[in-house]
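Text of final-v5.pdb, listed as PDB, C-alpha atoms:
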ATOM      1  CA  MET A   1       0.000   0.000   0.000  1.00  0.00           C
ATOM      2  CA  PRO A   2       1.667   3.293  -1.105  1.00  0.00           C
ATOM      3  CA  LYS A   3       2.116   6.087   1.387  1.00  0.00           C
ATOM      4  CA  GLN A   4       0.026   9.179   0.978  1.00  0.00           C
ATOM      5  CA  GLN A   5       1.911  12.275  -0.009  1.00  0.00           C
ATOM      6  CA  LYS A   6       1.580  15.257   2.284  1.00  0.00           C
ATOM      7  CA  ASN A   7       0.511  18.563   0.865  1.00  0.00           C
ATOM      8  CA  VAL A   8       3.517  20.698   1.695  1.00  0.00           C
ATOM      9  CA  GLN A   9       3.031  24.431   1.574  1.00  0.00           C
ATOM     10  CA  VAL A  10       6.147  26.159   0.276  1.00  0.00           C
ATOM     11  CA  ASP A  11       6.933  29.367   2.122  1.00  0.00           C
ATOM     12  CA  SER A  12       7.616  32.512   0.111  1.00  0.00           C
ATOM     13  CA  ARG A  13      11.074  32.703   1.749  1.00  0.00           C
ATOM     14  CA  VAL A  14      11.898  29.261   0.369  1.00  0.00           C
ATOM     15  CA  ARG A  15      10.834  30.238  -3.149  1.00  0.00           C
ATOM     16  CA  ARG A  16      12.893  33.454  -2.997  1.00  0.00           C
ATOM     17  CA  ALA A  17      15.920  31.627  -1.624  1.00  0.00           C
ATOM     18  CA  GLU A  18      15.720  29.022  -4.379  1.00  0.00           C
ATOM     19  CA  ALA A  19      15.535  31.774  -6.976  1.00  0.00           C
ATOM     20  CA  GLY A  20      18.415  33.667  -5.347  1.00  0.00           C
ATOM     21  CA  LYS A  21      16.370  36.718  -4.490  1.00  0.00           C
ATOM     22  CA  LEU A  22      16.245  36.594  -0.676  1.00  0.00           C
ATOM     23  CA  VAL A  23      17.506  40.034   0.343  1.00  0.00           C
ATOM     24  CA  TYR A  24      17.666  41.404   3.885  1.00  0.00           C
ATOM     25  CA  LYS A  25      18.571  45.027   4.634  1.00  0.00           C
ATOM     26  CA  ILE A  26      19.776  46.599   7.871  1.00  0.00           C
ATOM     27  CA  ASP A  27      19.473  50.392   7.786  1.00  0.00           C
ATOM     28  CA  CYS A  28      22.067  52.101  10.010  1.00  0.00           C
ATOM     29  CA  SER A  29      21.415  55.658   8.822  1.00  0.00           C
ATOM     30  CA  ILE A  30      20.097  57.142  12.101  1.00  0.00           C
ATOM     31  CA  PRO A  31      23.150  56.341  14.288  1.00  0.00           C
ATOM     32  CA  THR A  32      25.496  57.047  11.373  1.00  0.00           C
ATOM     33  CA  THR A  33      24.206  60.593  10.832  1.00  0.00           C
ATOM     34  CA  ASP A  34      24.611  61.288  14.561  1.00  0.00           C
ATOM     35  CA  GLY A  35      28.199  60.022  14.487  1.00  0.00           C
ATOM     36  CA  LEU A  36      27.637  57.091  16.848  1.00  0.00           C
ATOM     37  CA  ILE A  37      28.545  54.610  14.111  1.00  0.00           C
ATOM     38  CA  ASP A  38      31.236  55.536  11.587  1.00  0.00           C
ATOM     39  CA  ALA A  39      32.266  53.851   8.339  1.00  0.00           C
ATOM     40  CA  ASP A  40      34.942  51.735  10.046  1.00  0.00           C
ATOM     41  CA  LEU A  41      32.451  50.345  12.554  1.00  0.00           C
ATOM     42  CA  LEU A  42      29.974  49.653   9.744  1.00  0.00           C
ATOM     43  CA  ASN A  43      32.607  47.648   7.848  1.00  0.00           C
ATOM     44  CA  LYS A  44      33.527  45.873  11.082  1.00  0.00           C
ATOM     45  CA  TYR A  45      29.853  44.962  11.497  1.00  0.00           C
ATOM     46  CA  ALA A  46      29.735  43.541   7.962  1.00  0.00           C
ATOM     47  CA  THR A  47      32.819  41.396   8.620  1.00  0.00           C
ATOM     48  CA  PHE A  48      31.322  40.301  11.964  1.00  0.00           C
ATOM     49  CA  LEU A  49      28.231  39.099  10.122  1.00  0.00           C
ATOM     50  CA  SER A  50      30.281  37.255   7.512  1.00  0.00           C
ATOM     51  CA  GLU A  51      32.400  35.541  10.189  1.00  0.00           C
ATOM     52  CA  HIS A  52      29.551  34.562  12.522  1.00  0.00           C
ATOM     53  CA  LEU A  53      26.722  33.743  10.098  1.00  0.00           C
ATOM     54  CA  LYS A  54      26.012  30.004  10.183  1.00  0.00           C
ATOM     55  CA  ILE A  55      25.122  28.332   6.916  1.00  0.00           C
ATOM     56  CA  GLU A  56      24.254  24.633   7.168  1.00  0.00           C
ATOM     57  CA  GLY A  57      25.662  24.511  10.702  1.00  0.00           C
ATOM     58  CA  LYS A  58      29.076  26.015   9.911  1.00  0.00           C
ATOM     59  CA  THR A  59      30.331  29.537  10.588  1.00  0.00           C
ATOM     60  CA  GLY A  60      32.436  31.428   8.076  1.00  0.00           C
ATOM     61  CA  GLN A  61      31.454  29.123   5.198  1.00  0.00           C
ATOM     62  CA  LEU A  62      29.490  31.657   3.167  1.00  0.00           C
ATOM     63  CA  GLY A  63      31.207  31.215  -0.184  1.00  0.00           C
ATOM     64  CA  ASP A  64      28.882  32.087  -3.042  1.00  0.00           C
ATOM     65  CA  LYS A  65      25.763  31.362  -1.006  1.00  0.00           C
ATOM     66  CA  VAL A  66      25.561  34.669   0.896  1.00  0.00           C
ATOM     67  CA  LYS A  67      26.810  38.118  -0.121  1.00  0.00           C
ATOM     68  CA  ILE A  68      27.162  40.873   2.481  1.00  0.00           C
ATOM     69  CA  THR A  69      27.714  44.381   1.128  1.00  0.00           C
ATOM     70  CA  VAL A  70      27.738  47.876   2.608  1.00  0.00           C
ATOM     71  CA  GLU A  71      25.852  50.462   0.555  1.00  0.00           C
ATOM     72  CA  ASN A  72      25.958  53.989   2.006  1.00  0.00           C
ATOM     73  CA  ASP A  73      24.540  53.470   5.514  1.00  0.00           C
ATOM     74  CA  THR A  74      22.818  50.165   4.777  1.00  0.00           C
ATOM     75  CA  ILE A  75      24.072  46.601   5.066  1.00  0.00           C
ATOM     76  CA  VAL A  76      22.565  44.328   2.420  1.00  0.00           C
ATOM     77  CA  ILE A  77      22.568  40.553   2.901  1.00  0.00           C
ATOM     78  CA  THR A  78      21.666  38.575  -0.209  1.00  0.00           C
ATOM     79  CA  ALA A  79      21.112  34.825   0.126  1.00  0.00           C
ATOM     80  CA  PHE A  80      21.487  32.592  -2.921  1.00  0.00           C
ATOM     81  CA  LYS A  81      19.766  29.202  -2.676  1.00  0.00           C
ATOM     82  CA  VAL A  82      20.138  29.051   1.101  1.00  0.00           C
ATOM     83  CA  LEU A  83      17.580  29.773   3.787  1.00  0.00           C
ATOM     84  CA  PHE A  84      18.113  31.425   7.151  1.00  0.00           C
ATOM     85  CA  ALA A  85      15.771  33.344   9.389  1.00  0.00           C
ATOM     86  CA  LYS A  86      15.573  37.105   9.591  1.00  0.00           C
ATOM     87  CA  ARG A  87      15.432  36.692  13.362  1.00  0.00           C
ATOM     88  CA  TYR A  88      18.953  35.216  13.218  1.00  0.00           C
ATOM     89  CA  LEU A  89      20.220  38.545  11.855  1.00  0.00           C
ATOM     90  CA  LYS A  90      18.633  40.282  14.837  1.00  0.00           C
ATOM     91  CA  PHE A  91      20.423  37.883  17.185  1.00  0.00           C
ATOM     92  CA  LEU A  92      23.800  38.534  15.529  1.00  0.00           C
ATOM     93  CA  THR A  93      23.223  42.304  15.505  1.00  0.00           C
ATOM     94  CA  ARG A  94      22.394  42.348  19.206  1.00  0.00           C
ATOM     95  CA  LYS A  95      25.526  40.298  19.861  1.00  0.00           C
ATOM     96  CA  PHE A  96      27.625  42.806  17.906  1.00  0.00           C
ATOM     97  CA  LEU A  97      26.061  45.803  19.672  1.00  0.00           C
ATOM     98  CA  ARG A  98      26.756  44.180  23.038  1.00  0.00           C
ATOM     99  CA  GLN A  99      30.362  43.564  22.002  1.00  0.00           C
ATOM    100  CA  GLU A 100      30.810  47.215  20.954  1.00  0.00           C
ATOM    101  CA  LYS A 101      28.992  48.450  24.104  1.00  0.00           C
ATOM    102  CA  LEU A 102      26.249  50.151  22.071  1.00  0.00           C
ATOM    103  CA  LYS A 103      23.365  47.940  23.189  1.00  0.00           C
ATOM    104  CA  GLU A 104      22.230  50.432  25.860  1.00  0.00           C
ATOM    105  CA  TYR A 105      21.720  53.146  23.217  1.00  0.00           C
ATOM    106  CA  VAL A 106      20.671  51.421  19.992  1.00  0.00           C
ATOM    107  CA  ARG A 107      18.127  48.710  19.222  1.00  0.00           C
ATOM    108  CA  LEU A 108      17.150  46.836  16.091  1.00  0.00           C
ATOM    109  CA  VAL A 109      13.568  47.327  14.867  1.00  0.00           C
ATOM    110  CA  SER A 110      11.812  45.548  12.026  1.00  0.00           C
ATOM    111  CA  THR A 111      10.429  48.129   9.606  1.00  0.00           C
ATOM    112  CA  CYS A 112       9.288  45.898   6.776  1.00  0.00           C
ATOM    113  CA  LYS A 113       9.017  42.230   5.937  1.00  0.00           C
ATOM    114  CA  ARG A 114      12.711  41.934   5.090  1.00  0.00           C
ATOM    115  CA  ASP A 115      14.128  45.161   6.529  1.00  0.00           C
ATOM    116  CA  TYR A 116      15.576  46.167   9.877  1.00  0.00           C
ATOM    117  CA  GLN A 117      16.557  49.591  11.152  1.00  0.00           C
ATOM    118  CA  LEU A 118      18.862  50.643  13.979  1.00  0.00           C
ATOM    119  CA  ARG A 119      17.061  53.127  16.226  1.00  0.00           C
ATOM    120  CA  TYR A 120      17.689  54.815  19.548  1.00  0.00           C
ATOM    121  CA  TYR A 121      15.795  53.928  22.690  1.00  0.00           C
ATOM    122  CA  ASN A 122      13.262  56.565  23.788  1.00  0.00           C
ATOM    123  CA  ILE A 123      15.297  57.925  26.693  1.00  0.00           C
ATOM    124  CA  HIS A 124      13.451  61.251  26.856  1.00  0.00           C
ATOM    125  CA  LEU A 125      10.142  59.553  27.624  1.00  0.00           C
ATOM    126  CA  ASP A 126      11.762  57.581  30.455  1.00  0.00           C
ATOM    127  CA  GLU A 127      13.312  60.731  31.974  1.00  0.00           C
ATOM    128  CA  GLU A 128       9.955  62.562  31.917  1.00  0.00           C
ATOM    129  CA  ALA A 129       8.257  59.636  33.644  1.00  0.00           C
ATOM    130  CA  ALA A 130      10.949  59.575  36.346  1.00  0.00           C
ATOM    131  CA  GLU A 131      10.512  63.306  37.049  1.00  0.00           C
ATOM    132  CA  GLU A 132       6.776  62.947  37.739  1.00  0.00           C
TER
END
As a first step, turn the structure in this file into structure tokens.
Amino acid sequence: MPKQQKNVQVDSRVRRAEAGKLVYKIDCSIPTTDGLIDADLLNKYATFLSEHLKIEGKTGQLGDKVKITVENDTIVITAFKVLFAKRYLKFLTRKFLRQEKLKEYVRLVSTCKRDYQLRYYNIHLDEEAAEE
């Protein structure tokens, strides 16, 4: 008796990754314009991502599967025929910010389906609440 085939729904991420069009963007323009993050730190962040990003269980084995580029104040991660979660980029970014001692000032916020943005915490609102 043959086994029944399961109806497998293919996620849109999987289809984009198979086509080589899975692109994630991390916008660092707000801290860069204020001078908190300079070009050297941005390039250091891109190399941190390329060294620590795990593909198929191995770090530093990106090869032709993942391209990480810095365009102006944005880091663009393009995945070719490989799938990894956007949440994993948030984890690595928080790890980098903690390493550079910027985690108390800057956070990573999802702005779109495949975009992140570095933003400041709302410190002014906390100070006003403490005064009252």
Residue members of the PyMOL selection byres ((chain A and resi 69) around 12) in the file shown, as a PDB file with C-alpha atoms, in the coordinates of the input:
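Now in result27.pdb:
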ATOM      1  CA  VAL A  23      17.506  40.034   0.343  1.00  0.00           C
ATOM      2  CA  TYR A  24      17.666  41.404   3.885  1.00  0.00           C
ATOM      3  CA  LYS A  25      18.571  45.027   4.634  1.00  0.00           C
ATOM      4  CA  ILE A  26      19.776  46.599   7.871  1.00  0.00           C
ATOM      5  CA  LEU A  42      29.974  49.653   9.744  1.00  0.00           C
ATOM      6  CA  ASN A  43      32.607  47.648   7.848  1.00  0.00           C
ATOM      7  CA  LYS A  44      33.527  45.873  11.082  1.00  0.00           C
ATOM      8  CA  TYR A  45      29.853  44.962  11.497  1.00  0.00           C
ATOM      9  CA  ALA A  46      29.735  43.541   7.962  1.00  0.00           C
ATOM     10  CA  THR A  47      32.819  41.396   8.620  1.00  0.00           C
ATOM     11  CA  LEU A  49      28.231  39.099  10.122  1.00  0.00           C
ATOM     12  CA  SER A  50      30.281  37.255   7.512  1.00  0.00           C
ATOM     13  CA  VAL A  66      25.561  34.669   0.896  1.00  0.00           C
ATOM     14  CA  LYS A  67      26.810  38.118  -0.121  1.00  0.00           C
ATOM     15  CA  ILE A  68      27.162  40.873   2.481  1.00  0.00           C
ATOM     16  CA  VAL A  70      27.738  47.876   2.608  1.00  0.00           C
ATOM     17  CA  GLU A  71      25.852  50.462   0.555  1.00  0.00           C
ATOM     18  CA  ASN A  72      25.958  53.989   2.006  1.00  0.00           C
ATOM     19  CA  ASP A  73      24.540  53.470   5.514  1.00  0.00           C
ATOM     20  CA  THR A  74      22.818  50.165   4.777  1.00  0.00           C
ATOM     21  CA  ILE A  75      24.072  46.601   5.066  1.00  0.00           C
ATOM     22  CA  VAL A  76      22.565  44.328   2.420  1.00  0.00           C
ATOM     23  CA  ILE A  77      22.568  40.553   2.901  1.00  0.00           C
ATOM     24  CA  THR A  78      21.666  38.575  -0.209  1.00  0.00           C
ATOM     25  CA  ALA A  79      21.112  34.825   0.126  1.00  0.00           C
TER      26      ALA A  79
END
Review point. Expressed in Å to a single decimal, how great is the separation between CA of Lys58 (chain A) and CA of Ser12 (chain A)?
Key: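 Answer for the CA of Lys58 (chain A) to CA of Ser12 (chain A) separation: 24.5 Å.
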Evaluate the PyMOL selection byres ((chain A and resi 88) around 12) on the structure here and hand back the selected residues as a short mmCIF file (atom, residue, chain, number, x, y, z; two decimals) with C-alpha atoms, in the coordinates of the input.
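Okay, this is what ended up in out-v9.cif:
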data_model
loop_
_atom_site.label_atom_id
_atom_site.label_comp_id
_atom_site.auth_asym_id
_atom_site.auth_seq_id
_atom_site.Cartn_x
_atom_site.Cartn_y
_atom_site.Cartn_z
CA TYR A 24 17.67 41.40 3.88
CA LEU A 49 28.23 39.10 10.12
CA HIS A 52 29.55 34.56 12.52
CA LEU A 53 26.72 33.74 10.10
CA LYS A 54 26.01 30.00 10.18
CA ILE A 55 25.12 28.33 6.92
CA LEU A 83 17.58 29.77 3.79
CA PHE A 84 18.11 31.42 7.15
CA ALA A 85 15.77 33.34 9.39
CA LYS A 86 15.57 37.10 9.59
CA ARG A 87 15.43 36.69 13.36
CA LEU A 89 20.22 38.54 11.86
CA LYS A 90 18.63 40.28 14.84
CA PHE A 91 20.42 37.88 17.18
CA LEU A 92 23.80 38.53 15.53
CA THR A 93 23.22 42.30 15.50
CA ARG A 94 22.39 42.35 19.21
CA LYS A 95 25.53 40.30 19.86
CA TYR A 116 15.58 46.17 9.88
#
Review point. What is the distance between CA of Thr33 (chain A) and CA of Leu108 (chain A), in Å to one decimal?
Key: 16.3 Å
Exercise for review: Return the single residue from A:Leu41, A:Leu62, A:Cys28, A:Leu102 that is closest to Phe80 (chain A), with distances computed using only C-alpha atoms.
Suggested key: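 That would be A:Leu62, the residue with the smallest distance to Phe80 (chain A).
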**Study point:** Hits of the PyMOL selection byres ((chain A and resi 117) around 10) in this structure, as a list in words
**Key:**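 What the PyMOL selection byres ((chain A and resi 117) around 10) grabs from the file is Lys25, Ile26, Asp27, Cys28, Ser29, Ile30, Pro31, Thr74, Val106, Arg107, Leu108, Val109, Ser110, Thr111, Cys112, Asp115, Tyr116, Leu118, Arg119 and Tyr120 of chain A.
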Okay, now the selection with C-alpha atoms, as a compact mmCIF listing (two decimals), keeping the file's coordinate frame?
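Output contents, as saved in part_19.txt:
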# COMPACT_ATOMS: atom_id res chain seq x y z
CA LYS A 25 18.57 45.03 4.63
CA ILE A 26 19.78 46.60 7.87
CA ASP A 27 19.47 50.39 7.79
CA CYS A 28 22.07 52.10 10.01
CA SER A 29 21.42 55.66 8.82
CA ILE A 30 20.10 57.14 12.10
CA PRO A 31 23.15 56.34 14.29
CA THR A 74 22.82 50.16 4.78
CA VAL A 106 20.67 51.42 19.99
CA ARG A 107 18.13 48.71 19.22
CA LEU A 108 17.15 46.84 16.09
CA VAL A 109 13.57 47.33 14.87
CA SER A 110 11.81 45.55 12.03
CA THR A 111 10.43 48.13 9.61
CA CYS A 112 9.29 45.90 6.78
CA ASP A 115 14.13 45.16 6.53
CA TYR A 116 15.58 46.17 9.88
CA LEU A 118 18.86 50.64 13.98
CA ARG A 119 17.06 53.13 16.23
CA TYR A 120 17.69 54.82 19.55
Check your understanding: CA of Val82 (chain A) and CA of Leu22 (chain A), how far apart in Å?
Key ->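 So the two atoms, CA of Leu22 (chain A) and CA of Val82 (chain A), lie 8.7 Å apart.
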Review point. So which one's closest to Tyr105 (chain A), A:Phe48, A:Lys81, A:Ile37, A:Gly63? Using all atoms listed in the file, please.
Key: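 The closest residue to Tyr105 (chain A) is A:Ile37.
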